[in-house]
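Undergrad: My structure is in my_file_38.txt, and what it holds is compact mmCIF, C-alpha atoms:
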```txt
# COMPACT_ATOMS: atom_id res chain seq x y z
CA MET A 1 -0.79 -26.78 34.08
CA ALA A 2 -1.21 -23.04 34.53
CA GLN A 3 2.43 -22.67 35.51
CA LEU A 4 3.48 -24.64 32.43
CA ASN A 5 1.47 -22.33 30.19
CA THR A 6 3.17 -19.38 31.86
CA TRP A 7 6.73 -20.67 31.62
CA LEU A 8 6.57 -22.24 28.16
CA PRO A 9 6.27 -18.92 26.24
CA ARG A 10 9.13 -17.51 28.29
CA VAL A 11 11.35 -20.50 27.46
CA ARG A 12 10.53 -20.17 23.76
CA ALA A 13 11.25 -16.46 23.81
CA ALA A 14 14.59 -17.01 25.56
CA ALA A 15 15.51 -19.74 23.06
CA ALA A 16 14.65 -17.40 20.16
CA ARG A 17 16.87 -14.67 21.64
CA HIS A 18 19.82 -17.03 22.24
CA PRO A 19 19.56 -19.92 19.74
CA GLN A 20 23.17 -21.06 20.13
CA VAL A 21 22.82 -21.36 23.90
CA ALA A 22 19.55 -23.27 23.50
CA GLU A 23 21.13 -25.71 21.02
CA ALA A 24 24.13 -26.26 23.31
CA LEU A 25 21.84 -26.99 26.26
CA LEU A 26 19.80 -29.43 24.18
CA GLY A 27 23.00 -31.15 23.02
CA ALA A 28 24.22 -31.45 26.59
CA PHE A 29 20.88 -32.90 27.67
CA VAL A 30 20.98 -35.49 24.87
CA GLY A 31 24.57 -36.42 25.79
CA VAL A 32 23.71 -36.89 29.48
CA ALA A 33 20.53 -38.78 28.62
CA SER A 34 22.51 -41.10 26.35
CA LEU A 35 24.87 -41.96 29.20
CA VAL A 36 21.96 -42.60 31.52
CA SER A 37 20.29 -44.81 28.90
CA VAL A 38 23.41 -46.99 28.80
CA LEU A 39 22.89 -47.82 32.46
CA VAL A 40 19.12 -47.90 32.91
CA GLY A 41 17.64 -47.74 29.41
CA PRO A 42 15.32 -50.35 27.89
CA ARG A 43 18.19 -51.77 25.81
CA SER A 44 20.82 -51.53 28.57
CA ILE A 45 22.81 -54.60 29.53
CA PRO A 46 22.58 -55.52 33.24
CA GLY A 47 25.84 -54.89 35.08
CA ARG A 48 27.31 -52.88 32.24
CA SER A 49 29.28 -49.75 33.23
CA LEU A 50 30.20 -46.68 31.25
CA SER A 51 33.25 -46.93 29.01
CA PRO A 52 35.38 -44.27 27.33
CA ARG A 53 33.64 -45.22 24.09
CA ASP A 54 30.24 -44.39 25.64
CA VAL A 55 31.50 -40.99 26.76
CA LEU A 56 32.95 -40.33 23.27
CA VAL A 57 29.69 -41.24 21.59
CA ALA A 58 27.73 -39.03 24.02
CA ALA A 59 30.04 -36.08 23.38
CA ALA A 60 29.73 -36.60 19.61
CA ALA A 61 25.96 -36.74 19.95
CA ALA A 62 25.92 -33.46 21.90
CA LEU A 63 28.13 -31.79 19.27
CA LEU A 64 26.00 -33.01 16.37
CA ILE A 65 22.83 -31.79 18.06
CA THR A 66 24.43 -28.38 18.52
CA LEU A 67 25.51 -28.14 14.84
CA ARG A 68 22.44 -29.63 13.17
CA HIS A 69 20.84 -26.27 12.30
CA HIS A 70 23.96 -25.09 10.45
CA TRP A 71 24.38 -28.19 8.26
CA PRO A 72 21.20 -30.28 8.64
CA VAL A 73 21.73 -32.79 5.81
CA PRO A 74 25.48 -33.38 6.40
CA VAL A 75 24.89 -33.81 10.14
CA LEU A 76 22.15 -36.37 9.45
CA GLY A 77 24.58 -38.22 7.17
CA VAL A 78 27.25 -38.24 9.89
CA VAL A 79 24.71 -39.51 12.45
CA ALA A 80 23.60 -42.30 10.11
CA ALA A 81 27.22 -43.29 9.43
CA GLY A 82 27.95 -43.22 13.17
CA ALA A 83 24.93 -45.39 13.93
CA ALA A 84 26.01 -47.89 11.27
CA TRP A 85 29.52 -47.91 12.77
CA ALA A 86 28.12 -48.46 16.26
CA VAL A 87 26.02 -51.38 15.04
CA ALA A 88 28.93 -52.92 13.14
CA THR A 89 31.35 -52.70 16.07
CA SER A 90 29.16 -53.38 19.08
CA GLY A 91 25.65 -53.95 17.92
CA GLU A 92 24.39 -50.93 19.94
CA ILE A 93 22.71 -47.83 18.47
CA TYR A 94 20.92 -46.69 21.62
CA VAL A 95 22.39 -43.14 21.59
CA LEU A 96 22.47 -42.35 17.90
CA THR A 97 18.90 -43.53 17.34
CA ALA A 98 17.52 -40.57 19.28
CA VAL A 99 20.04 -38.22 17.66
CA SER A 100 19.08 -39.43 14.17
CA VAL A 101 15.38 -38.78 14.87
CA ILE A 102 16.12 -35.24 16.06
CA CYS A 103 18.37 -34.57 13.05
CA ALA A 104 15.76 -35.99 10.66
CA TYR A 105 13.20 -33.62 12.18
CA THR A 106 15.59 -30.71 11.67
CA VAL A 107 16.20 -31.64 8.03
CA ALA A 108 12.46 -31.74 7.41
CA THR A 109 11.93 -28.29 8.96
CA ARG A 110 14.87 -26.68 7.15
CA THR A 111 14.63 -28.18 3.63
CA GLY A 112 11.98 -29.10 1.09
CA ARG A 113 9.75 -32.13 1.36
CA THR A 114 11.59 -34.09 -1.33
CA THR A 115 15.00 -33.47 0.25
CA ALA A 116 13.72 -34.31 3.72
CA TRP A 117 12.20 -37.65 2.75
CA ALA A 118 15.15 -38.57 0.54
CA ALA A 119 17.72 -37.78 3.25
CA GLY A 120 15.65 -39.34 6.05
CA GLY A 121 14.93 -42.45 3.99
CA ALA A 122 18.60 -42.88 3.06
CA ALA A 123 19.71 -42.48 6.69
CA ALA A 124 17.10 -44.94 7.92
CA LEU A 125 18.02 -47.42 5.21
CA VAL A 126 21.73 -47.24 6.17
CA VAL A 127 20.98 -47.95 9.85
CA TYR A 128 18.46 -50.67 8.95
CA LEU A 129 20.87 -52.50 6.63
CA ALA A 130 23.67 -52.26 9.21
CA ALA A 131 21.41 -53.77 11.88
CA VAL A 132 20.31 -56.61 9.59
CA VAL A 133 23.79 -57.40 8.24
CA PHE A 134 25.94 -57.02 11.36
CA THR A 135 23.62 -58.08 14.20
CA GLY A 136 21.86 -60.96 12.52
CA GLN A 137 18.42 -59.44 13.02
CA GLY A 138 15.78 -60.53 10.54
CA TRP A 139 14.48 -58.28 7.81
CA ASP A 140 11.18 -58.04 9.67
CA SER A 141 12.74 -57.73 13.12
CA SER A 142 10.73 -55.54 15.49
CA GLU A 143 13.82 -53.64 16.62
CA SER A 144 14.90 -52.86 13.05
CA LEU A 145 11.42 -51.81 12.01
CA GLU A 146 11.10 -49.75 15.18
CA ASP A 147 14.17 -47.72 14.24
CA LEU A 148 12.72 -47.16 10.76
CA GLY A 149 9.44 -46.03 12.30
CA TRP A 150 11.12 -43.51 14.59
CA MET A 151 13.07 -42.03 11.69
CA GLY A 152 9.91 -41.75 9.55
CA MET A 153 8.05 -40.13 12.41
CA GLY A 154 10.80 -37.54 12.82
CA VAL A 155 10.61 -36.61 9.13
CA ALA A 156 6.79 -36.54 9.14
CA VAL A 157 6.57 -34.29 12.22
CA GLY A 158 9.26 -31.98 10.85
CA ASP A 159 7.47 -31.72 7.50
CA ALA A 160 4.20 -30.87 9.25
CA VAL A 161 5.91 -28.18 11.33
CA ARG A 162 7.58 -26.68 8.24
CA THR A 163 4.25 -26.61 6.40
CA ARG A 164 2.53 -24.91 9.32
CA ARG A 165 5.31 -22.33 9.63
CA ALA A 166 5.06 -21.58 5.90
CA TYR A 167 1.29 -21.20 6.20
CA VAL A 168 1.56 -18.86 9.19
CA ALA A 169 4.25 -16.82 7.41
CA ALA A 170 2.04 -16.56 4.30
CA VAL A 171 -0.94 -15.44 6.38
CA LYS A 172 1.16 -12.79 8.13
CA ASP A 173 2.57 -11.61 4.81
CA ARG A 174 -0.90 -11.29 3.30
CA ALA A 175 -2.12 -9.43 6.36
CA LEU A 176 0.86 -7.09 6.19
CA ARG A 177 0.36 -6.43 2.48
CA ALA A 178 -3.36 -5.88 3.03
CA GLU A 179 -2.59 -3.38 5.80
CA GLN A 180 -0.08 -1.61 3.56
CA SER A 181 -2.65 -1.49 0.75
CA ARG A 182 -5.22 0.01 3.12
CA ASP A 183 -2.72 2.62 4.29
CA GLU A 184 -1.77 3.49 0.70
CA GLU A 185 -5.42 3.74 -0.30
CA ALA A 186 -6.14 5.98 2.69
CA ARG A 187 -3.19 8.23 1.82
CA ARG A 188 -4.31 8.36 -1.82
CA ARG A 189 -7.83 9.35 -0.84
CA VAL A 190 -6.55 12.00 1.56
CA THR A 191 -4.33 13.42 -1.19
CA GLU A 192 -7.20 13.47 -3.67
CA GLU A 193 -9.48 15.16 -1.14
CA ARG A 194 -6.83 17.77 -0.37
CA LEU A 195 -6.39 18.51 -4.07
CA HIS A 196 -10.16 18.73 -4.48
CA ILE A 197 -10.47 21.18 -1.59
CA ALA A 198 -7.48 23.20 -2.86
CA ARG A 199 -9.03 23.48 -6.32
CA GLU A 200 -12.39 24.54 -4.92
CA LEU A 201 -10.87 27.15 -2.61
CA HIS A 202 -8.67 28.52 -5.36
CA ASP A 203 -11.50 28.74 -7.88
CA VAL A 204 -13.91 30.29 -5.39
CA VAL A 205 -11.56 32.79 -3.79
CA ALA A 206 -9.33 33.91 -6.66
CA HIS A 207 -12.05 35.22 -8.96
CA HIS A 208 -14.12 37.05 -6.37
CA ILE A 209 -11.16 38.45 -4.44
CA ALA A 210 -9.88 39.90 -7.72
CA LEU A 211 -13.29 41.50 -8.27
CA ILE A 212 -13.36 42.84 -4.71
CA SER A 213 -9.88 44.30 -5.17
CA VAL A 214 -10.81 46.12 -8.37
CA GLN A 215 -14.09 47.49 -7.07
CA SER A 216 -12.46 48.58 -3.81
CA GLU A 217 -9.88 50.56 -5.76
CA VAL A 218 -12.62 52.14 -7.88
CA ALA A 219 -14.59 53.08 -4.78
CA SER A 220 -11.53 54.63 -3.12
CA HIS A 221 -10.84 56.81 -6.19
CA VAL A 222 -14.36 58.11 -6.76
CA LEU A 223 -15.69 58.11 -3.21
CA ARG A 224 -15.62 61.92 -2.88
CA ARG A 225 -16.00 63.03 -6.46
CA GLU A 226 -18.63 60.55 -7.66
CA PRO A 227 -20.35 58.99 -4.66
CA GLU A 228 -22.96 57.27 -6.84
CA GLN A 229 -20.29 55.37 -8.74
CA ALA A 230 -18.54 54.56 -5.44
CA GLU A 231 -21.82 53.21 -4.09
CA GLU A 232 -22.21 51.03 -7.20
CA ALA A 233 -18.65 49.70 -6.77
CA LEU A 234 -19.30 48.90 -3.12
CA SER A 235 -22.49 47.13 -4.14
CA HIS A 236 -20.41 44.89 -6.42
CA VAL A 237 -18.04 44.30 -3.50
CA ARG A 238 -20.95 43.24 -1.28
CA ASP A 239 -22.27 40.89 -3.95
CA ALA A 240 -18.81 39.37 -4.44
CA VAL A 241 -18.34 38.89 -0.69
CA ARG A 242 -21.76 37.26 -0.41
CA THR A 243 -20.95 34.93 -3.27
CA VAL A 244 -17.58 34.00 -1.73
CA LEU A 245 -19.23 33.17 1.57
CA GLU A 246 -21.91 31.05 -0.09
CA GLU A 247 -19.43 29.09 -2.19
CA LEU A 248 -17.02 28.65 0.72
CA SER A 249 -19.92 27.24 2.72
CA THR A 250 -20.49 24.72 -0.08
CA VAL A 251 -16.81 23.77 -0.17
CA LEU A 252 -16.54 23.36 3.58
CA THR A 253 -19.37 20.83 3.68
CA VAL A 254 -16.82 18.16 2.71
CA LEU A 255 -14.94 18.93 5.91
CA ARG A 256 -17.90 18.53 8.23
CA ARG A 257 -18.18 15.56 10.58
CA ASP A 258 -21.26 13.39 10.69
CA ASP A 259 -22.36 14.96 13.96
CA ASP A 260 -22.06 18.55 12.67
CA PRO A 261 -25.23 20.53 11.94
CA ALA A 262 -26.64 20.06 8.47
CA ALA A 263 -25.04 22.35 5.90
CA SER A 264 -26.60 24.19 3.02
CA THR A 265 -27.99 21.99 0.27
CA GLU A 266 -27.51 24.58 -2.47
CA PRO A 267 -26.34 22.81 -5.64
CA ALA A 268 -22.81 23.29 -6.91
CA PRO A 269 -22.41 26.07 -9.50
CA GLY A 270 -22.72 25.17 -13.18
CA LEU A 271 -23.11 26.78 -16.56
CA ALA A 272 -26.63 27.83 -15.58
CA ARG A 273 -24.92 30.55 -13.54
CA LEU A 274 -22.70 31.65 -16.41
CA GLY A 275 -24.67 34.87 -16.83
CA GLY A 276 -23.91 35.97 -13.28
CA LEU A 277 -20.24 35.12 -13.77
CA LEU A 278 -20.05 37.25 -16.94
CA ASP A 279 -21.76 40.13 -15.13
CA SER A 280 -19.23 39.95 -12.29
CA VAL A 281 -16.20 40.02 -14.59
CA ALA A 282 -17.81 42.84 -16.57
CA ALA A 283 -18.16 44.79 -13.34
CA ALA A 284 -14.45 44.19 -12.77
CA GLY A 285 -13.67 45.79 -16.13
CA LEU A 286 -13.38 42.78 -18.47
CA ARG A 287 -15.83 42.60 -21.36
CA VAL A 288 -16.52 39.08 -22.56
CA GLU A 289 -17.71 38.26 -26.05
CA HIS A 290 -19.67 35.06 -25.57
CA ARG A 291 -20.49 32.71 -28.43
CA GLN A 292 -22.32 29.39 -28.20
CA ASN A 293 -22.31 26.65 -30.82
CA GLY A 294 -24.91 23.91 -30.64
CA GLU A 295 -27.98 23.68 -28.47
CA ALA A 296 -27.33 23.82 -24.76
CA ARG A 297 -28.40 20.75 -22.81
CA PRO A 298 -28.13 19.52 -19.23
CA LEU A 299 -24.70 18.13 -18.39
CA PRO A 300 -23.65 15.66 -15.68
CA SER A 301 -23.11 17.55 -12.43
CA ALA A 302 -19.36 16.84 -12.32
CA VAL A 303 -18.90 18.03 -15.93
CA ASP A 304 -21.11 21.08 -15.32
CA LEU A 305 -19.09 22.10 -12.27
CA ALA A 306 -15.76 21.52 -14.06
CA ALA A 307 -16.90 23.60 -17.03
CA TYR A 308 -18.00 26.48 -14.80
CA ARG A 309 -14.73 26.47 -12.84
CA ILE A 310 -12.59 26.32 -16.00
CA VAL A 311 -14.44 29.29 -17.49
CA GLN A 312 -14.22 31.17 -14.19
CA GLU A 313 -10.47 30.62 -13.81
CA SER A 314 -9.79 31.40 -17.48
CA LEU A 315 -11.65 34.72 -17.30
CA THR A 316 -9.92 35.60 -14.03
CA ASN A 317 -6.53 35.02 -15.67
CA ALA A 318 -7.65 37.02 -18.70
CA TRP A 319 -8.51 39.94 -16.44
CA ARG A 320 -5.20 39.69 -14.55
CA HIS A 321 -2.84 39.29 -17.50
CA GLY A 322 -4.85 40.72 -20.39
CA GLY A 323 -3.42 43.50 -22.44
CA ALA A 324 -6.91 44.61 -23.48
CA PRO A 325 -10.15 44.66 -21.47
CA ILE A 326 -11.80 42.07 -23.68
CA ALA A 327 -11.89 38.26 -23.82
CA HIS A 328 -13.57 35.79 -26.16
CA LEU A 329 -15.49 32.86 -24.74
CA SER A 330 -16.79 30.04 -26.90
CA LEU A 331 -18.87 27.08 -25.75
CA GLY A 332 -19.57 24.24 -28.15
CA TYR A 333 -22.12 21.52 -27.45
CA THR A 334 -21.52 18.37 -29.51
CA ARG A 335 -22.91 14.86 -29.36
CA THR A 336 -19.81 13.67 -27.52
CA GLY A 337 -19.25 16.51 -25.06
CA LEU A 338 -18.55 20.17 -24.44
CA THR A 339 -15.72 22.27 -25.86
CA ILE A 340 -14.54 25.43 -24.11
CA ALA A 341 -12.31 28.07 -25.64
CA VAL A 342 -11.22 31.29 -23.92
CA GLU A 343 -8.87 33.72 -25.69
CA ASN A 344 -7.55 37.12 -24.76
CA ARG A 345 -4.74 39.41 -25.77
CA VAL A 346 -1.77 39.29 -23.38
CA GLU A 347 0.48 42.19 -22.47
CA PRO A 348 3.80 42.26 -24.36
CA GLY A 349 6.38 40.00 -22.70
CA LEU A 350 3.75 37.98 -20.82
CA ALA A 351 2.53 35.73 -23.64
CA GLU A 352 5.00 32.94 -22.83
CA SER A 353 5.23 33.41 -19.09
CA ALA A 354 1.44 33.21 -18.78
CA GLY A 355 1.54 29.61 -19.91
CA ARG A 356 4.21 28.48 -17.49
CA PRO A 357 2.98 26.42 -14.49
CA THR A 358 4.10 28.99 -11.92
CA GLY A 359 0.75 29.12 -10.15
CA HIS A 360 -2.08 26.79 -9.24
CA GLY A 361 -4.66 28.09 -11.73
CA LEU A 362 -3.59 26.21 -14.84
CA THR A 363 -2.74 23.11 -12.81
CA GLY A 364 -6.17 23.19 -11.18
CA MET A 365 -7.93 23.56 -14.54
CA ARG A 366 -6.04 20.60 -15.99
CA GLU A 367 -6.86 18.51 -12.92
CA ARG A 368 -10.54 19.43 -13.19
CA ALA A 369 -10.65 18.44 -16.85
CA ALA A 370 -8.83 15.18 -16.14
CA SER A 371 -11.15 14.37 -13.22
CA VAL A 372 -14.08 14.00 -15.66
CA GLY A 373 -12.02 12.30 -18.37
CA GLY A 374 -11.39 15.44 -20.40
CA THR A 375 -8.36 17.35 -21.65
CA LEU A 376 -7.18 20.93 -21.40
CA ASP A 377 -4.47 22.84 -23.26
CA ALA A 378 -3.35 26.35 -22.37
CA GLY A 379 -0.63 28.50 -23.84
CA PRO A 380 0.30 31.46 -26.03
CA GLY A 381 -1.06 31.55 -29.56
CA ALA A 382 -0.73 33.69 -32.65
CA GLY A 383 -1.05 37.46 -32.54
CA GLY A 384 -0.03 37.81 -28.89
CA ARG A 385 -3.06 35.94 -27.64
CA PHE A 386 -3.33 33.47 -24.81
CA ALA A 387 -5.79 30.62 -25.29
CA VAL A 388 -7.36 28.00 -23.05
CA ARG A 389 -9.04 25.12 -24.85
CA ALA A 390 -10.76 22.24 -23.09
CA PHE A 391 -12.91 19.28 -24.01
CA LEU A 392 -15.12 17.64 -21.43
CA PRO A 393 -16.80 14.38 -22.47
CA ALA A 394 -20.57 14.29 -21.96
CA PRO A 395 -22.29 12.04 -24.53
CA ASP A 396 -25.77 13.08 -25.58
CA ASN A 397 -27.94 10.06 -24.76
CA GLN A 398 -31.21 11.72 -25.70
CA GLY A 399 -33.38 9.42 -27.74
CA VAL A 400 -31.31 6.33 -27.02
CA SER A 401 -33.61 3.50 -26.01
CA THR A 402 -32.68 0.90 -23.44
```
Would you write the structure of this file as structure tokens?
TA:
Amino acid sequence: MAQLNTWLPRVRAAAARHPQVAEALLGAFVGVASLVSVLVGPRSIPGRSLSPRDVLVAAAAALLITLRHHWPVPVLGVVAAGAAWAVATSGEIYVLTAVSVICAYTVATRTGRTTAWAAGGAAALVVYLAAVVFTGQGWDSSESLEDLGWMGMGVAVGDAVRTRRAYVAAVKDRALRAEQSRDEEARRRVTEERLHIARELHDVVAHHIALISVQSEVASHVLRREPEQAEEALSHVRDAVRTVLEELSTVLTVLRRDDDPAASTEPAPGLARLGGLLDSVAAAGLRVEHRQNGEARPLPSAVDLAAYRIVQESLTNAWRHGGAPIAHLSLGYTRTGLTIAVENRVEPGLAESAGRPTGHGLTGMRERAASVGGTLDAGPGAGGRFAVRAFLPAPDNQGVST
């Protein structure tokens, strides 16, 4: 039994690799078995020897077995006609009975259930009528009914095999699609996380590196002539470096593994730190006129962080591209959310180019606004100004009872 379990998968694999050879071998086996059945089969006639007609029928049976996968229904029809001919001429259907069962099985595995039962039933009926009409067997003869039973069994087994194959194929297809969906979801999450990290790094680094650059230049120019001012500039540089390190530590917590040491639990920056941000840009040489409309209120953490980063990036761009050392910042608290407006005068010739998506700043701001369901527009306006306007939804639920 163990050897059979070892060899059977190998035989199936070899047959799958060389189907034509396997069908030819099966046809040859059926042909040889049909000749043997003429001599020693249950319906053999004692003392009967093989005739050229027996050899012809055996060869035809082998050929039909070999071709049954290419034309299953026509081959079954030919087998049924051959069996009827054999019954009408000699009263013997010993060979073609087995062939018809095999062909009926093939039809059932290769076609639909309706076609299989219709073709199998028609073939069985042809052989049954031929046996009744030409051999004188009764309508309820055991031999005639036996042939009908074999044909029905061939169709039933073939239909069951086809159904099982379809079920297995459907299960494999669902498993494959589920695996593909998991892979796509994993890639989507990786992409989103990369964009999130890129936005955080850009927002954290760009503003403070710009401040460090300006203050370093100031310190280098006044180091010998005005050491007190140089010391003040270096103090701003130290503060900016400290802030960069703290915020980078916050960003990098998303990259830590579960077994890494616990990171800082300092909350993400929000509008509560707006005063420090305005002081830092003022130290860099950009004066900000800040106006607030409506009463400030706590915002959801994601909205608060997005608002802070949008203001930070907008002021950094205003300092880089501004034609005058002044920017206007307006925050509006409404019942439905928060509006942000940042305007500054742009150097001549840069009003249009400042709004083109050549860098990551504007793209990052739009992505941040979209991540909380908001919108952001940025571009040149009237009077040589560049404006950034954003709306971040944050409904005021105060006083709403549940």
Undergrad: Might you pull out every residue within 7 Å of A:Val388, with all atoms listed in the file counted and same-chain residues fewer than 5 positions away left off, and present them as a list in words?
TA: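 Final neighbour list, sorted by chain and number: Ser314, Ala341, Val342, Glu343, Asp377, Ala378 and Gly379 of chain A.
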Undergrad: Using only C-alpha atoms, which of A:Gly384, A:Gly82, A:Gly361, A:Gly158 sits nearest A:Ala116?
TA: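 Among the listed residues, A:Gly158 lies closest to A:Ala116.
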Undergrad: Choose the residue, out of A:Arg189, A:Ala81, A:Trp150, A:Asp279, that has the smallest atom-to-atom separation from A:His236; count only C-alpha atoms.
TA: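 The answer is A:Asp279, which sits nearest to A:His236.
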Undergrad: Provide the atom CA of A:Gly374 to atom CA of A:Ala390 distance in Å, to one decimal place.
TA: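 Atom-to-atom, atom CA of A:Gly374 to atom CA of A:Ala390, that is 7.3 Å.
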Undergrad: Hey, can you check how far atom CA of A:Ala284 sits from atom CA of A:Ser216?
TA: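 Calculated distance between atom CA of A:Ala284 and atom CA of A:Ser216 is 10.2 Å.
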Undergrad: Closest to A:Val57 among A:Ala302, A:Ala272, A:Leu96, A:Val372, using all atoms listed in the file?
TA: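 Among the listed residues, the smallest separation from A:Val57 belongs to A:Leu96.
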Undergrad: I'd like the interatomic distance between atom CA of A:Val346 and atom CA of A:Leu211, to a tenth of an Å.
TA: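 It comes out at 19.1 Å.
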Undergrad: For A:Glu289, which of A:Leu145, A:Ala369, A:Val222, A:Leu315 is the closest residue, counting all atoms listed in the file?
TA: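 Of A:Leu145, A:Ala369, A:Val222, A:Leu315, the one nearest A:Glu289, counting all atoms listed in the file, is A:Leu315.
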Undergrad: As AutoDock Vina command-line options, please report the centre and edge lengths, rounded to one decimal in Å, of the axis-aligned box that holds all listed atoms of stretch 225-237 of chain A with 3 Å of padding on each of the six sides.
TA:
```
--center_x -19.5 --center_y 53.7 --center_z -5.9 --size_x 13.0 --size_y 24.7 --size_z 11.6
```
Undergrad: Between A:Ala86, A:Ala307, A:Ala387, A:Ala123, single out the one closest to A:Leu271, counting only C-alpha atoms.
TA: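 Using only C-alpha atoms, the shortest distance to A:Leu271 belongs to A:Ala307.
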Undergrad: Pick from A:Ala178, A:Ala88, A:Ala98, A:Ile326: nearest to A:Phe29, with all atoms listed in the file counted?
TA: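 Smallest separation from A:Phe29 among the options: A:Ala98.
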Undergrad: Given the point (31.2, -33.7, 17.5) in the coordinates of this file, which residues lie within 12 Å, counting only C-alpha atoms, and how would they look as a JSON list (two decimals) with C-alpha atoms, in the frame of the given file?
TA:
```json
[["chain", "number", "residue", "atom", "x", "y", "z"],
["A", 24, "ALA", "CA", 24.13, -26.26, 23.31],
["A", 27, "GLY", "CA", 23.00, -31.15, 23.02],
["A", 28, "ALA", "CA", 24.22, -31.45, 26.59],
["A", 31, "GLY", "CA", 24.57, -36.42, 25.79],
["A", 55, "VAL", "CA", 31.50, -40.99, 26.76],
["A", 56, "LEU", "CA", 32.95, -40.33, 23.27],
["A", 57, "VAL", "CA", 29.69, -41.24, 21.59],
["A", 58, "ALA", "CA", 27.73, -39.03, 24.02],
["A", 59, "ALA", "CA", 30.04, -36.08, 23.38],
["A", 60, "ALA", "CA", 29.73, -36.60, 19.61],
["A", 61, "ALA", "CA", 25.96, -36.74, 19.95],
["A", 62, "ALA", "CA", 25.92, -33.46, 21.90],
["A", 63, "LEU", "CA", 28.13, -31.79, 19.27],
["A", 64, "LEU", "CA", 26.00, -33.01, 16.37],
["A", 65, "ILE", "CA", 22.83, -31.79, 18.06],
["A", 66, "THR", "CA", 24.43, -28.38, 18.52],
["A", 67, "LEU", "CA", 25.51, -28.14, 14.84],
["A", 68, "ARG", "CA", 22.44, -29.63, 13.17],
["A", 75, "VAL", "CA", 24.89, -33.81, 10.14],
["A", 78, "VAL", "CA", 27.25, -38.24, 9.89],
["A", 79, "VAL", "CA", 24.71, -39.51, 12.45],
["A", 82, "GLY", "CA", 27.95, -43.22, 13.17]]
```
Undergrad: Skipping near chain neighbours, those fewer than 2 positions away, what residues fall within 8 Å of A:Met365 using all atoms listed in the file, listed as a ChimeraX atom specification?
TA: /A:309-310,313,361-363,367-369,376
Undergrad: Do you know which residues are at most 10 Å from stretch 230-233 of chain A counting only C-alpha atoms, after dropping those on the same chain fewer than 3 positions away, and could you put them as a tab-separated table (two decimals) with C-alpha atoms, in the coordinates of the input?
TA:
```tsv
chain	number	residue	atom	x	y	z
A	211	LEU	CA	-13.29	41.50	-8.27
A	212	ILE	CA	-13.36	42.84	-4.71
A	214	VAL	CA	-10.81	46.12	-8.37
A	215	GLN	CA	-14.09	47.49	-7.07
A	216	SER	CA	-12.46	48.58	-3.81
A	217	GLU	CA	-9.88	50.56	-5.76
A	218	VAL	CA	-12.62	52.14	-7.88
A	219	ALA	CA	-14.59	53.08	-4.78
A	220	SER	CA	-11.53	54.63	-3.12
A	221	HIS	CA	-10.84	56.81	-6.19
A	222	VAL	CA	-14.36	58.11	-6.76
A	223	LEU	CA	-15.69	58.11	-3.21
A	224	ARG	CA	-15.62	61.92	-2.88
A	225	ARG	CA	-16.00	63.03	-6.46
A	226	GLU	CA	-18.63	60.55	-7.66
A	227	PRO	CA	-20.35	58.99	-4.66
A	236	HIS	CA	-20.41	44.89	-6.42
A	237	VAL	CA	-18.04	44.30	-3.50
A	238	ARG	CA	-20.95	43.24	-1.28
A	239	ASP	CA	-22.27	40.89	-3.95
A	283	ALA	CA	-18.16	44.79	-13.34
A	284	ALA	CA	-14.45	44.19	-12.77
```
